[in-house]
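See below for final.cif, which holds mmCIF, C-alpha atoms and all ligand atoms.
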data_final
#
loop_
_atom_site.label_atom_id
_atom_site.label_comp_id
_atom_site.auth_asym_id
_atom_site.auth_seq_id
_atom_site.Cartn_x
_atom_site.Cartn_y
_atom_site.Cartn_z
CA MET A 1 14.17 -8.41 -35.74
CA LYS A 2 15.81 -5.00 -35.73
CA LEU A 3 16.92 -3.19 -38.89
CA TYR A 4 19.59 -0.50 -38.53
CA TYR A 5 19.36 1.99 -41.37
CA PHE A 6 19.91 5.55 -42.57
CA GLU A 7 18.18 7.31 -45.43
CA THR A 8 20.81 6.33 -48.02
CA LEU A 9 21.21 3.91 -50.89
CA ASN A 10 22.09 0.53 -49.40
CA PRO A 11 19.77 0.68 -46.38
CA ARG A 12 17.03 1.69 -48.82
CA LYS A 13 17.12 -1.82 -50.34
CA ALA A 14 16.67 -3.51 -46.97
CA CYS A 15 13.96 -1.09 -45.81
CA ALA A 16 12.05 -1.40 -49.11
CA VAL A 17 12.03 -5.21 -48.93
CA ALA A 18 11.03 -5.21 -45.24
CA GLN A 19 8.15 -2.83 -46.00
CA TYR A 20 7.13 -4.66 -49.19
CA LEU A 21 6.96 -8.01 -47.39
CA ARG A 22 5.51 -6.42 -44.23
CA VAL A 23 8.15 -8.14 -42.11
CA PRO A 24 7.63 -6.92 -38.53
CA VAL A 25 11.05 -5.34 -38.04
CA GLU A 26 11.87 -2.65 -35.54
CA PHE A 27 13.64 0.17 -37.37
CA ALA A 28 16.69 1.74 -35.69
CA ARG A 29 18.02 4.89 -37.36
CA ILE A 30 21.82 5.28 -37.34
CA ASP A 31 22.63 8.89 -38.15
CA LEU A 32 25.73 8.75 -40.37
CA GLY A 33 26.03 12.55 -40.26
CA ARG A 34 26.52 12.33 -36.50
CA GLY A 35 28.92 9.39 -36.70
CA GLU A 36 26.55 6.95 -34.97
CA HIS A 37 27.97 4.17 -37.17
CA ARG A 38 31.37 4.53 -35.49
CA THR A 39 30.33 3.89 -31.89
CA PRO A 40 31.76 0.74 -30.22
CA GLU A 41 28.19 -0.62 -29.88
CA PHE A 42 27.51 -0.31 -33.59
CA LEU A 43 30.96 -1.56 -34.63
CA ALA A 44 30.28 -4.68 -32.54
CA LEU A 45 27.32 -5.34 -34.85
CA ASN A 46 29.13 -4.43 -38.06
CA PRO A 47 32.92 -4.05 -37.91
CA ASN A 48 32.72 -2.29 -41.31
CA GLY A 49 30.85 0.58 -39.66
CA LYS A 50 28.15 0.65 -42.33
CA VAL A 51 24.39 0.38 -42.58
CA PRO A 52 22.22 -1.59 -43.09
CA VAL A 53 22.49 -4.27 -40.41
CA LEU A 54 19.75 -6.75 -39.53
CA ARG A 55 19.70 -8.19 -36.06
CA ASP A 56 17.78 -11.39 -35.41
CA GLY A 57 18.55 -12.95 -32.03
CA ASP A 58 22.31 -13.58 -31.95
CA LEU A 59 22.69 -12.91 -35.65
CA ALA A 60 23.97 -9.52 -36.81
CA LEU A 61 23.75 -9.67 -40.59
CA TRP A 62 25.40 -6.98 -42.72
CA GLU A 63 25.42 -6.45 -46.51
CA SER A 64 22.17 -5.19 -47.97
CA ASN A 65 21.81 -7.98 -50.55
CA ALA A 66 22.18 -10.70 -47.91
CA ILE A 67 19.65 -8.86 -45.72
CA MET A 68 17.10 -8.73 -48.54
CA CYS A 69 17.47 -12.49 -49.08
CA TYR A 70 17.19 -13.17 -45.35
CA LEU A 71 14.02 -11.09 -45.11
CA SER A 72 12.50 -12.93 -48.07
CA ASP A 73 13.18 -16.29 -46.41
CA ALA A 74 11.92 -15.01 -43.06
CA ALA A 75 8.65 -13.99 -44.72
CA LYS A 76 8.53 -17.29 -46.68
CA ALA A 77 8.36 -15.15 -49.79
CA ASP A 78 9.81 -15.71 -53.23
CA LEU A 79 11.95 -12.62 -53.76
CA TRP A 80 15.00 -14.85 -53.27
CA PRO A 81 13.95 -18.00 -55.11
CA HIS A 82 15.35 -21.37 -54.05
CA ASP A 83 15.43 -23.06 -57.42
CA ALA A 84 17.17 -22.56 -60.76
CA ARG A 85 16.14 -18.90 -60.77
CA GLN A 86 18.56 -18.26 -57.91
CA ILE A 87 21.54 -18.40 -60.29
CA GLU A 88 19.96 -15.73 -62.43
CA VAL A 89 19.33 -13.53 -59.37
CA LEU A 90 22.93 -14.03 -58.29
CA ARG A 91 24.15 -12.99 -61.74
CA TRP A 92 22.26 -9.70 -61.53
CA LEU A 93 23.31 -9.00 -57.93
CA ASN A 94 26.96 -9.40 -58.88
CA TRP A 95 26.62 -7.45 -62.10
CA ASP A 96 24.96 -4.70 -60.13
CA ALA A 97 27.63 -4.49 -57.43
CA CYS A 98 30.52 -4.61 -59.93
CA HIS A 99 29.06 -2.49 -62.70
CA PHE A 100 25.67 -0.79 -62.62
CA THR A 101 25.19 0.53 -59.09
CA ARG A 102 28.94 0.81 -58.68
CA HIS A 103 29.00 3.67 -61.18
CA ALA A 104 25.49 5.00 -60.57
CA GLY A 105 26.50 5.02 -56.89
CA THR A 106 29.49 7.23 -57.69
CA LEU A 107 27.17 9.76 -59.33
CA TYR A 108 24.83 9.51 -56.33
CA PHE A 109 27.78 10.12 -54.00
CA GLU A 110 29.24 13.02 -55.97
CA HIS A 111 25.95 14.85 -56.54
CA ILE A 112 23.89 13.98 -53.45
CA ILE A 113 26.00 12.75 -50.54
CA LYS A 114 28.92 15.17 -50.89
CA PRO A 115 26.72 18.29 -50.70
CA ARG A 116 24.58 16.68 -47.98
CA LEU A 117 27.58 15.96 -45.75
CA GLY A 118 29.47 19.13 -46.69
CA LEU A 119 32.26 17.19 -48.41
CA GLY A 120 32.85 19.72 -51.17
CA GLU A 121 32.15 19.98 -54.87
CA PRO A 122 31.65 16.92 -57.15
CA ALA A 123 35.00 15.66 -58.50
CA LEU A 124 34.61 16.20 -62.24
CA ALA A 125 36.99 13.39 -63.27
CA ASN A 126 34.99 10.91 -61.15
CA VAL A 127 31.71 12.16 -62.57
CA LYS A 128 32.94 11.89 -66.16
CA GLU A 129 34.29 8.38 -65.71
CA ALA A 130 31.19 7.15 -63.85
CA MET A 131 28.89 8.68 -66.46
CA GLY A 132 30.66 6.78 -69.25
CA PHE A 133 30.41 3.46 -67.41
CA PHE A 134 26.82 4.19 -66.41
CA ARG A 135 25.80 4.62 -70.06
CA THR A 136 27.58 1.39 -71.07
CA HIS A 137 25.86 -0.68 -68.39
CA ALA A 138 22.48 1.03 -68.64
CA SER A 139 22.48 0.06 -72.30
CA VAL A 140 22.97 -3.63 -71.35
CA LEU A 141 20.13 -3.32 -68.84
CA ASN A 142 17.91 -1.56 -71.36
CA ASP A 143 18.35 -4.37 -73.90
CA HIS A 144 17.71 -7.05 -71.28
CA LEU A 145 14.50 -5.43 -70.05
CA ARG A 146 12.92 -5.25 -73.52
CA GLY A 147 9.84 -7.51 -73.41
CA ARG A 148 10.30 -8.23 -69.70
CA LYS A 149 8.31 -6.91 -66.77
CA PHE A 150 11.13 -7.46 -64.25
CA LEU A 151 14.73 -8.68 -64.51
CA LEU A 152 13.67 -12.32 -64.33
CA GLY A 153 10.59 -11.87 -66.48
CA ASP A 154 7.24 -11.82 -64.73
CA GLN A 155 8.62 -12.32 -61.23
CA LEU A 156 9.83 -9.56 -58.97
CA THR A 157 13.02 -10.56 -57.09
CA VAL A 158 15.67 -9.04 -54.86
CA ALA A 159 17.63 -8.37 -58.05
CA ASP A 160 15.10 -5.69 -59.04
CA PHE A 161 15.44 -4.06 -55.62
CA ALA A 162 19.24 -4.05 -55.97
CA VAL A 163 19.70 -3.00 -59.58
CA GLY A 164 17.03 -0.30 -59.41
CA ILE A 165 18.11 1.29 -56.16
CA THR A 166 19.77 4.42 -57.55
CA LEU A 167 16.88 5.21 -59.90
CA PRO A 168 14.63 7.02 -57.38
CA TYR A 169 17.53 9.50 -57.16
CA ALA A 170 18.07 9.77 -60.92
CA GLY A 171 17.20 13.49 -61.07
CA ALA A 172 19.44 14.74 -58.26
CA ALA A 173 22.21 12.23 -59.08
CA LYS A 174 22.10 13.32 -62.76
CA LEU A 175 21.66 9.76 -64.07
CA PRO A 176 20.72 10.04 -67.75
CA ILE A 177 17.94 7.43 -67.60
CA ASN A 178 15.84 9.31 -70.14
CA GLU A 179 18.27 7.85 -72.73
CA PHE A 180 17.14 4.34 -71.74
CA PRO A 181 13.37 3.96 -72.24
CA GLU A 182 13.14 0.30 -71.12
CA VAL A 183 14.95 1.17 -67.89
CA GLU A 184 12.56 4.07 -67.34
CA ARG A 185 9.52 1.87 -67.99
CA TRP A 186 10.82 -0.79 -65.57
CA HIS A 187 11.50 1.81 -62.93
CA GLU A 188 8.01 3.30 -63.33
CA ARG A 189 6.65 -0.19 -62.65
CA LEU A 190 8.78 -0.52 -59.50
CA ALA A 191 7.61 2.91 -58.40
CA GLU A 192 4.00 1.66 -58.42
CA MET A 193 4.88 -0.12 -55.15
CA PRO A 194 4.42 2.12 -52.09
CA ALA A 195 7.31 0.27 -50.41
CA TRP A 196 9.58 1.29 -53.28
CA ARG A 197 8.54 4.93 -53.18
CA ASP A 198 8.52 5.35 -49.39
CA PRO A 199 10.75 2.69 -47.86
CA PHE A 200 11.93 4.62 -44.83
CA PRO A 201 10.04 4.95 -41.56
CA VAL A 202 8.85 8.43 -40.68
CA VAL A 203 11.27 9.99 -38.20
CA ARG A 204 9.56 12.21 -35.68
CA ALA A 205 11.50 15.23 -34.43
CA ALA A 206 12.26 15.13 -30.70
CA ALA A 207 9.84 17.34 -28.75
N1 LIG B 1 28.09 -3.30 -49.44
C1 LIG B 1 27.40 -2.68 -48.33
C2 LIG B 1 27.60 -1.19 -48.40
C3 LIG B 1 27.03 -0.47 -47.19
C4 LIG B 1 27.34 1.02 -47.26
O1 LIG B 1 28.26 1.46 -47.96
N2 LIG B 1 26.55 1.79 -46.49
C5 LIG B 1 26.80 3.21 -46.44
C6 LIG B 1 25.45 3.95 -46.54
S1 LIG B 1 24.71 3.70 -48.13
C7 LIG B 1 27.41 3.55 -45.10
O2 LIG B 1 27.01 3.05 -44.08
N3 LIG B 1 28.44 4.41 -45.13
C8 LIG B 1 29.08 4.88 -43.94
C9 LIG B 1 30.58 4.87 -44.06
O3 LIG B 1 31.10 4.20 -44.97
O4 LIG B 1 31.22 5.53 -43.26
C10 LIG B 1 25.91 -3.05 -48.37
O5 LIG B 1 25.40 -3.31 -49.47
O6 LIG B 1 25.26 -3.12 -47.32
#

Is it possible to give me this structure as structure tokens?
Amino acid sequence: MKLYYFETLNPRKACAVAQYLRVPVEFARIDLGRGEHRTPEFLALNPNGKVPVLRDGDLALWESNAIMCYLSDAAKADLWPHDARQIEVLRWLNWDACHFTRHAGTLYFEHIIKPRLGLGEPALANVKEAMGFFRTHASVLNDHLRGRKFLLGDQLTVADFAVGITLPYAGAAKLPINEFPEVERWHERLAEMPAWRDPFPVVRAAA
């Protein structure tokens, strides 16, 4: 299997799960800054021109959540459970895409990606709106996590990898997670995993 990634938010989920489960994937770095995601070869794998993509034989699978689930099945692991818990995981994945990481991702984009790619100053109206939504949804998450180790209780699932993915960037993205102690506690637990802290392969500079 080959995992195409860059050191950004969505590939981080796929890389973290691959590393956590020790799935023997070959990592292929697609440099977004150099437009490597717009080459005909890459667009043949993902017509959306986005990372991550997982290649397994003839399959070219895009969408980070689907990739996490595929990796869990490939490793015969339980991060994507195949019983009644799956509905609960699905609920959190959808909530995350539509609400939590949607707005946290805006703050990540405005404060981290824009300066990194030289795209100008953060758009203040976007930041203000995203900050308001972030607080609303972080409050829901905070209440849910009270008395729970992970989103589904004692069991770590792909939902934790998805919902938590902006939190390693909380400082630079200016996410006010210090207002949400249960979210902070949960994220500290995730950060105990080396695969969460350091999901990306080390890139060696060309000699
Ligand atoms: N919904 C997709 C989003 C993928 C995505 O937006 N990837 C970004 C990096 S985090 C990307 O490749 N952006 C390049 C571009 O849009 O030009 C997923 O979860 O995989």

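Between atom CA of Leu79 of chain A and atom CA of Tyr20 of chain A the separation is 10.4 Å.
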
Can I get the residues of chain A within 10 Å of ligand LIG 1 (chain B), each with the closest pair of atoms and their distance in Å to one decimal, using all atoms listed in the file, sorted chain first then ascending number, as a tab-separated table?
residue	atom	partner	partner_atom	distance
A:Tyr4	CA	B:LIG1	O2	9.9
A:Tyr5	CA	B:LIG1	O2	8.2
A:Phe6	CA	B:LIG1	C6	7.0
A:Glu7	CA	B:LIG1	S1	7.9
A:Thr8	CA	B:LIG1	S1	4.7
A:Leu9	CA	B:LIG1	S1	4.5
A:Asn10	CA	B:LIG1	S1	4.3
A:Pro11	CA	B:LIG1	S1	6.0
A:Arg12	CA	B:LIG1	S1	8.0
A:Lys13	CA	B:LIG1	O5	8.5
A:Ala14	CA	B:LIG1	O6	8.6
A:Ile30	CA	B:LIG1	O2	8.8
A:Asp31	CA	B:LIG1	O2	9.4
A:Leu32	CA	B:LIG1	C8	6.2
A:Gly33	CA	B:LIG1	C8	9.0
A:Gly35	CA	B:LIG1	O4	8.0
A:Glu36	CA	B:LIG1	C8	9.5
A:His37	CA	B:LIG1	C8	6.9
A:Arg38	CA	B:LIG1	O4	7.8
A:Asn46	CA	B:LIG1	O2	9.8
A:Asn48	CA	B:LIG1	O3	7.6
A:Gly49	CA	B:LIG1	O4	6.1
A:Lys50	CA	B:LIG1	O2	3.2
A:Val51	CA	B:LIG1	O2	4.0
A:Pro52	CA	B:LIG1	O6	5.4
A:Val53	CA	B:LIG1	O6	7.5
A:Leu61	CA	B:LIG1	O6	9.5
A:Trp62	CA	B:LIG1	O6	6.0
A:Glu63	CA	B:LIG1	O6	3.4
A:Ser64	CA	B:LIG1	O6	3.8
A:Asn65	CA	B:LIG1	O5	6.0
A:Ala66	CA	B:LIG1	O6	8.2
A:Ile67	CA	B:LIG1	O6	8.2
A:Met68	CA	B:LIG1	O5	10.0
A:Ala97	CA	B:LIG1	N1	8.1
A:Gly105	CA	B:LIG1	S1	9.0
A:Phe109	CA	B:LIG1	S1	9.2
A:Ile113	CA	B:LIG1	S1	9.5
A:Ala162	CA	B:LIG1	O5	9.0

For Ala125 of chain A, find every residue with an atom within 12 Å (counting all atoms listed in the file), except residues of its own chain fewer than 6 positions away, and show them as a PDB file with C-alpha atoms, in the coordinates of the input.
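See result.pdb below for the written result:
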ATOM      1  CA  THR A 106      29.490   7.230 -57.690  1.00  0.00           C
ATOM      2  CA  LEU A 107      27.170   9.760 -59.330  1.00  0.00           C
ATOM      3  CA  GLU A 110      29.240  13.020 -55.970  1.00  0.00           C
ATOM      4  CA  MET A 131      28.890   8.680 -66.460  1.00  0.00           C
ATOM      5  CA  GLY A 132      30.660   6.780 -69.250  1.00  0.00           C
TER       6      GLY A 132
END

**OP:** Work out how far apart atom CA of Met1 of chain A and atom CA of Glu192 of chain A are and give it in Å to one decimal.
**Re:**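 Atom CA of Glu192 of chain A lies at a distance of 26.8 Å from atom CA of Met1 of chain A.
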
**OP:** Calculate how many Å separate atom CA of Arg185 of chain A from atom CA of Gly164 of chain A, rounding to one decimal.
**Re:**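 Those two atoms sit 11.6 Å apart.
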
Subject >> Among the residues A:Val89, A:Ala44, A:Ala18, A:Val163, the one that comes closest to Tyr70 of chain A [using all atoms listed in the file] >> reply: A:Ala18

Original post:
If you count all atoms listed in the file, which residues fall within 8 Å of Leu3 of chain A, apart from same-chain ones fewer than 6 positions away, as a PyMOL selection string?
Top reply: chain A and resi 15+25-28+52-55

Subject >> Of the listed residues A:Leu152, A:Pro201, A:Ala159, A:Val127, that which approaches Ala84 of chain A most closely, counting only C-alpha atoms >> reply: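 With only C-alpha atoms as the atom set, the closest residue is A:Leu152.
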
Subject >> Among the residues A:Leu156, A:Ile165, A:Met193, A:Asp58, the one that comes closest to Ser72 of chain A [using all atoms listed in the file] >> reply: A:Leu156

**OP:** Could you tell me which of A:Trp92, A:Phe100, A:Lys2, A:Val23 comes closest to Gly57 of chain A if we count all atoms listed in the file?
**Re:** A:Lys2

Subject >> Within 12 Å of His82 of chain A using all atoms listed in the file, minus same-chain residues under 6 positions, as a ChimeraX atom specification >> reply: /A:69,72-73,76,88-90,157

If the box runs along x, y and z of the file and leaves 6 Å on each side of segment 174-187 of chain A, what are its centre and edge lengths in Å, one decimal, as lines of an AutoDock Vina configuration file?
center_x = 15.8
center_y = 6.3
center_z = -67.7
size_x = 24.6
size_y = 26.1
size_z = 22.0

**OP:** Would you mind telling me which residue in A:Pro181, A:Pro47, A:Pro199, A:Pro194 lies nearest to Leu145 of chain A when using all atoms listed in the file?
**Re:**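 Residue with the minimum atom-to-atom distance to Leu145 of chain A: A:Pro181.
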
**OP:** Tell me which of A:Thr166, A:Asn94, A:Asn142, A:Asn126 sits closest to Glu184 of chain A, counting only C-alpha atoms.
**Re:**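 Smallest distance to Glu184 of chain A is found for A:Asn142.
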
**OP:** Can you pull out every residue within 9 Å of Pro168 of chain A, counting only C-alpha atoms, but drop anything in the same chain fewer than 6 positions away, and send it as a PyMOL selection string?
**Re:** chain A and resi 187+191+196-197

Got a sec: who's within 9 Å of Leu21 of chain A, counting all atoms listed in the file, leaving out chain neighbours fewer than 5 positions off, as a compact mmCIF listing (two decimals) with C-alpha atoms, keeping the file's coordinate frame?
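Contents of around-v5.txt, as written:
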# COMPACT_ATOMS: atom_id res chain seq x y z
CA ALA A 16 12.05 -1.40 -49.11
CA LEU A 71 14.02 -11.09 -45.11
CA SER A 72 12.50 -12.93 -48.07
CA ALA A 75 8.65 -13.99 -44.72
CA ALA A 77 8.36 -15.15 -49.79
CA ALA A 195 7.31 0.27 -50.41
